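What follows is the content of query-v9.txt, which has compact mmCIF, C-alpha atoms and all ligand atoms:
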# COMPACT_ATOMS: atom_id res chain seq x y z
CA MET L 9 30.12 1.73 -31.16
CA LYS L 10 27.19 -0.59 -30.50
CA SER L 11 28.51 -1.60 -27.07
CA PHE L 12 29.20 2.05 -26.27
CA LEU L 13 25.59 2.86 -27.06
CA ILE L 14 24.34 0.02 -24.87
CA LEU L 15 26.59 1.23 -22.05
CA ALA L 16 25.37 4.80 -22.45
CA ILE L 17 21.73 3.72 -22.43
CA GLY L 18 22.39 1.50 -19.40
CA ALA L 19 24.04 4.36 -17.52
CA ALA L 20 21.20 6.75 -18.34
CA PHE L 21 18.67 4.16 -17.18
CA SER L 22 20.57 3.61 -13.88
CA ILE L 23 20.65 7.35 -13.26
CA CYS L 24 16.87 7.50 -13.79
CA ILE L 25 16.29 4.66 -11.31
CA PHE L 26 18.69 6.30 -8.83
CA ALA L 27 16.95 9.67 -9.20
CA GLN L 28 13.55 8.02 -8.67
CA THR L 29 14.75 6.21 -5.53
CA GLN L 30 16.34 9.37 -4.19
CA ARG L 31 13.23 11.42 -4.75
CA LEU L 32 11.11 9.02 -2.72
CA SER L 33 12.45 8.93 0.79
CA TYR L 34 10.79 6.36 3.02
CA THR L 35 13.42 6.55 5.74
CA ASP L 36 11.48 8.73 8.14
CA LEU L 37 8.00 8.17 6.82
CA GLN L 38 5.41 7.30 9.48
CA MET L 39 1.98 5.73 9.09
CA LYS L 40 -0.83 8.13 10.01
CA VAL L 41 -2.25 7.16 13.43
CA LEU L 42 -5.73 8.62 13.93
CA LYS L 43 -7.52 9.26 17.23
CA GLU L 44 -10.93 8.46 15.80
CA VAL L 45 -12.54 6.48 13.00
CA PRO L 46 -12.55 8.54 9.79
CA THR L 47 -15.89 9.40 8.16
CA GLN L 48 -16.76 6.43 5.97
CA PRO L 49 -17.26 7.29 2.30
CA THR L 50 -20.58 6.03 0.96
CA ASP L 51 -20.21 6.87 -2.72
CA PRO L 52 -17.15 6.34 -4.94
CA ILE L 53 -14.68 9.21 -4.61
CA VAL L 54 -13.59 10.73 -7.90
CA LYS L 55 -10.85 13.38 -7.97
CA THR L 56 -8.47 14.63 -10.63
CA SER L 57 -4.81 13.74 -10.39
CA GLU L 58 -4.14 17.33 -9.35
CA ASP L 59 -6.71 17.17 -6.55
CA TRP L 60 -5.17 13.94 -5.26
CA ALA L 61 -1.71 15.50 -5.34
CA ASN L 62 -3.04 18.26 -3.06
CA VAL L 63 -4.37 15.90 -0.40
CA LEU L 64 -1.78 13.08 -0.46
CA ASN L 65 1.90 13.24 0.38
CA GLU L 66 4.38 12.31 -2.34
CA GLN L 67 4.73 8.68 -1.28
CA GLU L 68 0.98 8.14 -0.89
CA PHE L 69 0.40 9.66 -4.32
CA TYR L 70 3.07 7.45 -5.92
CA VAL L 71 1.60 4.23 -4.48
CA LEU L 72 -2.16 4.98 -4.41
CA ARG L 73 -2.49 6.93 -7.65
CA LYS L 74 0.47 5.64 -9.71
CA SER L 75 0.32 1.99 -8.56
CA GLY L 76 3.84 2.28 -7.13
CA THR L 77 5.38 0.06 -4.45
CA GLU L 78 7.08 1.23 -1.28
CA PRO L 79 10.43 -0.41 -0.41
CA PRO L 80 10.14 -3.52 1.80
CA HIS L 81 11.14 -3.28 5.49
CA SER L 82 10.61 0.50 5.42
CA ALA L 83 10.29 2.62 8.58
CA ILE L 84 6.53 2.51 8.09
CA TYR L 85 6.61 -1.30 8.00
CA LYS L 86 8.62 -1.42 11.24
CA GLN L 87 6.01 0.84 12.82
CA PHE L 88 3.23 -1.44 11.48
CA ALA L 89 4.94 -4.57 12.86
CA LYS L 90 4.88 -3.11 16.40
CA GLN L 91 1.27 -1.91 16.35
CA GLY L 92 -1.26 -3.66 18.59
CA GLU L 93 -5.00 -4.11 18.11
CA GLY L 94 -6.84 -1.69 15.87
CA VAL L 95 -8.27 -1.04 12.44
CA TYR L 96 -6.60 0.09 9.21
CA TYR L 97 -8.28 2.62 6.90
CA CYS L 98 -7.44 3.82 3.40
CA SER L 99 -5.05 6.78 3.66
CA GLY L 100 -6.66 8.19 0.51
CA CYS L 101 -10.35 8.19 1.44
CA GLY L 102 -10.75 6.75 4.95
CA ALA L 103 -12.59 3.56 3.94
CA GLU L 104 -12.18 0.70 6.43
CA LEU L 105 -9.87 -1.92 4.88
CA PHE L 106 -8.23 -4.31 7.35
CA SER L 107 -8.30 -5.34 11.00
CA SER L 108 -5.29 -6.14 13.15
CA THR L 109 -7.01 -9.49 13.91
CA THR L 110 -6.15 -10.66 10.36
CA LYS L 111 -2.57 -9.34 10.40
CA PHE L 112 0.28 -11.86 10.20
CA ASP L 113 4.03 -11.83 9.72
CA SER L 114 4.76 -13.04 6.19
CA GLY L 115 8.45 -12.08 6.31
CA SER L 116 7.99 -10.03 3.12
CA GLY L 117 8.63 -6.62 4.68
CA TRP L 118 5.18 -5.32 3.68
CA PRO L 119 2.04 -5.28 5.86
CA SER L 120 0.30 -8.63 5.43
CA PHE L 121 -3.29 -9.61 6.21
CA TYR L 122 -5.17 -12.82 5.48
CA ASP L 123 -8.54 -11.11 5.00
CA GLY L 124 -10.02 -7.65 4.46
CA VAL L 125 -13.25 -5.64 4.53
CA MET L 126 -14.38 -6.90 1.14
CA LYS L 127 -17.11 -4.31 0.54
CA ASN L 128 -14.29 -1.71 0.38
CA ILE L 129 -11.80 -3.81 -1.59
CA LYS L 130 -11.76 -4.66 -5.27
CA LEU L 131 -9.52 -7.10 -7.06
CA ASP L 132 -8.14 -6.61 -10.56
CA GLU L 133 -5.88 -8.73 -12.76
CA ASP L 134 -2.44 -7.18 -13.18
CA HIS L 135 0.10 -8.23 -15.82
CA HIS L 136 2.69 -5.48 -15.19
CA LEU L 137 5.49 -7.93 -14.39
CA GLY L 138 4.72 -10.17 -17.37
CA TYR L 139 2.67 -12.68 -15.39
CA LYS L 140 -0.74 -12.61 -13.78
CA ARG L 141 -1.05 -11.13 -10.32
CA VAL L 142 -4.17 -9.98 -8.49
CA GLU L 143 -4.06 -6.30 -7.66
CA VAL L 144 -5.86 -5.01 -4.56
CA ARG L 145 -7.54 -1.59 -4.91
CA CYS L 146 -9.72 0.52 -2.64
CA ASN L 147 -13.30 0.15 -3.81
CA LYS L 148 -14.18 3.70 -2.75
CA CYS L 149 -11.33 5.84 -4.17
CA ASP L 150 -9.85 3.29 -6.61
CA GLY L 151 -6.43 3.73 -4.99
CA HIS L 152 -3.85 0.97 -5.56
CA LEU L 153 -3.15 -0.83 -2.26
CA GLY L 154 -1.00 -3.83 -3.21
CA HIS L 155 -1.58 -7.43 -4.33
CA VAL L 156 -3.13 -10.61 -2.97
CA PHE L 157 -1.47 -14.02 -3.25
CA GLU L 158 -3.10 -17.36 -2.56
CA GLY L 159 -1.93 -20.86 -1.70
CA GLU L 160 1.44 -19.95 -0.22
CA SER L 161 0.95 -22.23 2.82
CA PHE L 162 1.17 -19.53 5.46
CA ASN L 163 -1.18 -21.65 7.54
CA ASN L 164 -3.74 -18.91 8.07
CA PRO L 165 -7.56 -19.32 7.83
CA THR L 166 -7.88 -18.17 4.17
CA ASP L 167 -4.50 -19.27 2.75
CA LYS L 168 -4.27 -15.73 1.32
CA ARG L 169 -1.74 -12.93 1.76
CA TYR L 170 -2.93 -9.40 1.15
CA CYS L 171 0.44 -7.71 0.61
CA ILE L 172 -0.31 -4.04 1.24
CA ASN L 173 1.81 -0.91 1.06
CA GLY L 174 1.97 0.72 4.50
CA VAL L 175 1.63 4.24 3.06
CA CYS L 176 -1.88 3.33 1.90
CA LEU L 177 -3.00 2.73 5.48
CA SER L 178 -4.06 4.94 8.40
CA PHE L 179 -4.29 3.21 11.77
CA VAL L 180 -6.85 3.70 14.53
CA PRO L 181 -5.65 1.88 17.68
CA ALA L 182 -8.35 -0.10 19.54
CA GLU L 183 -8.01 2.14 22.63
CA ALA L 184 -8.85 5.21 20.51
CA GLU L 185 -12.05 3.60 19.18
CA LYS L 186 -13.38 3.04 22.73
CA ASP L 187 -13.05 6.74 23.70
ZN ZN L 201 -9.64 4.66 -0.59
Re-express the file's structure as structure tokens.
Amino acid sequence: MKSFLILAIGAAFSICIFAQTQRLSYTDLQMKVLKEVPTQPTDPIVKTSEDWANVLNEQEFYVLRKSGTEPPHSAIYKQFAKQGEGVYYCSGCGAELFSSTTKFDSGSGWPSFYDGVMKNIKLDEDHHLGYKRVEVRCNKCDGHLGHVFEGESFNNPTDKRYCINGVCLSFVPAEAEKD
């Protein structure tokens, strides 16, 4: 009876995970590419969960507002990997976050940078996985962006890896900024 119960609970849990994965489709998701620099927020942006749900797509809401994680090597990551020079802004509020000059290939399947625009980035301790990680959030809208890891010997100038979810970013190519 006990093993039956464990099996039943296990099956129910798997169905939940499956349903969650199915609901969030990243297969065709594309990063927003903007023609011009978004208006930079000066004050912190405070919205209700309902207001955020109205302005973000489902995947953005899940990552930015629910501290979710997009799957690695997603379509959006493949798009990111091919992008040339430009600047990355928060897809929630438009704050400038990262430059392509600090982008590097970490092999993780998520956008990686070795530095960011620190006035728009805040770092918080995160113990969700049972050990300490440093969470990266947008300093203007408080959206979850990813995590930062240090001392992994990637041989970059800061020895840091800002591991960022692609859905949190909007890209302005360098050519667009010159227009
Ligand atoms: Zn933001």
For region 158-175 of chain L: contacts at 9 Å, all atoms listed in the file, fewer than 3 positions along chain excluded, given as a short mmCIF file (atom, residue, chain, number, x, y, z; two decimals) with C-alpha atoms, in the coordinates of the input:
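The resulting file, result-v2.cif, is shown below:
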data_model
loop_
_atom_site.label_atom_id
_atom_site.label_comp_id
_atom_site.auth_asym_id
_atom_site.auth_seq_id
_atom_site.Cartn_x
_atom_site.Cartn_y
_atom_site.Cartn_z
CA LEU L 37 8.00 8.17 6.82
CA GLN L 38 5.41 7.30 9.48
CA MET L 39 1.98 5.73 9.09
CA LYS L 40 -0.83 8.13 10.01
CA GLN L 67 4.73 8.68 -1.28
CA GLU L 68 0.98 8.14 -0.89
CA VAL L 71 1.60 4.23 -4.48
CA LEU L 72 -2.16 4.98 -4.41
CA THR L 77 5.38 0.06 -4.45
CA GLU L 78 7.08 1.23 -1.28
CA PRO L 79 10.43 -0.41 -0.41
CA PRO L 80 10.14 -3.52 1.80
CA SER L 82 10.61 0.50 5.42
CA ILE L 84 6.53 2.51 8.09
CA TYR L 85 6.61 -1.30 8.00
CA PHE L 88 3.23 -1.44 11.48
CA SER L 99 -5.05 6.78 3.66
CA THR L 110 -6.15 -10.66 10.36
CA PHE L 112 0.28 -11.86 10.20
CA SER L 114 4.76 -13.04 6.19
CA SER L 116 7.99 -10.03 3.12
CA TRP L 118 5.18 -5.32 3.68
CA PRO L 119 2.04 -5.28 5.86
CA SER L 120 0.30 -8.63 5.43
CA PHE L 121 -3.29 -9.61 6.21
CA TYR L 122 -5.17 -12.82 5.48
CA ASP L 123 -8.54 -11.11 5.00
CA GLY L 124 -10.02 -7.65 4.46
CA VAL L 144 -5.86 -5.01 -4.56
CA HIS L 152 -3.85 0.97 -5.56
CA LEU L 153 -3.15 -0.83 -2.26
CA GLY L 154 -1.00 -3.83 -3.21
CA HIS L 155 -1.58 -7.43 -4.33
CA SER L 178 -4.06 4.94 8.40
#
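Taking all atoms listed in the file into account, every polymer residue with at least one atom at most 10 Å away from ligand ZN 201 (chain L) is listed here: L:Gln48, L:Pro49, L:Pro52, L:Ile53, L:Leu72, L:Tyr97, L:Cys98, L:Ser99, L:Gly100, L:Cys101, L:Gly102, L:Ala103, L:Glu104, L:Leu105, L:Asn128, L:Ile129, L:Arg145, L:Cys146, L:Asn147, L:Lys148, L:Cys149, L:Asp150, L:Gly151, L:His152, L:Leu153, L:Cys176, L:Leu177.
Relative to CA of Lys90 (chain L), CA of Glu143 (chain L) is found at 25.9 Å.
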Given the choices L:Val125, L:Leu64, L:Val180, L:Leu137, which gets closest to Val45 (chain L) if the distance is worked out from only C-alpha atoms?
L:Val180
To one decimal place, how far is CA of Leu131 (chain L) from CA of Gly94 (chain L) in Å?
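Going from CA of Leu131 (chain L) over to CA of Gly94 (chain L) covers 23.7 Å.
Computed from the coordinates, the CA of Gln91 (chain L) to CA of Thr35 (chain L) distance equals 18.2 Å.
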Leaving out Ala182 (chain L) and any residue of its chain fewer than 6 positions from it, which residues lie within 12 Å of it when counting all atoms listed in the file, given as a PyMOL selection string?
chain L and resi 41-45+91-96+107-109
Those selected residues, please, written with C-alpha atoms and delivered as an mmCIF file, keeping the file's coordinate frame.
data_model
loop_
_atom_site.group_PDB
_atom_site.id
_atom_site.type_symbol
_atom_site.label_atom_id
_atom_site.label_comp_id
_atom_site.auth_asym_id
_atom_site.auth_seq_id
_atom_site.Cartn_x
_atom_site.Cartn_y
_atom_site.Cartn_z
ATOM 1 C CA VAL L 41 -2.250 7.160 13.430
ATOM 2 C CA LEU L 42 -5.730 8.620 13.930
ATOM 3 C CA LYS L 43 -7.520 9.260 17.230
ATOM 4 C CA GLU L 44 -10.930 8.460 15.800
ATOM 5 C CA VAL L 45 -12.540 6.480 13.000
ATOM 6 C CA GLN L 91 1.270 -1.910 16.350
ATOM 7 C CA GLY L 92 -1.260 -3.660 18.590
ATOM 8 C CA GLU L 93 -5.000 -4.110 18.110
ATOM 9 C CA GLY L 94 -6.840 -1.690 15.870
ATOM 10 C CA VAL L 95 -8.270 -1.040 12.440
ATOM 11 C CA TYR L 96 -6.600 0.090 9.210
ATOM 12 C CA SER L 107 -8.300 -5.340 11.000
ATOM 13 C CA SER L 108 -5.290 -6.140 13.150
ATOM 14 C CA THR L 109 -7.010 -9.490 13.910
#
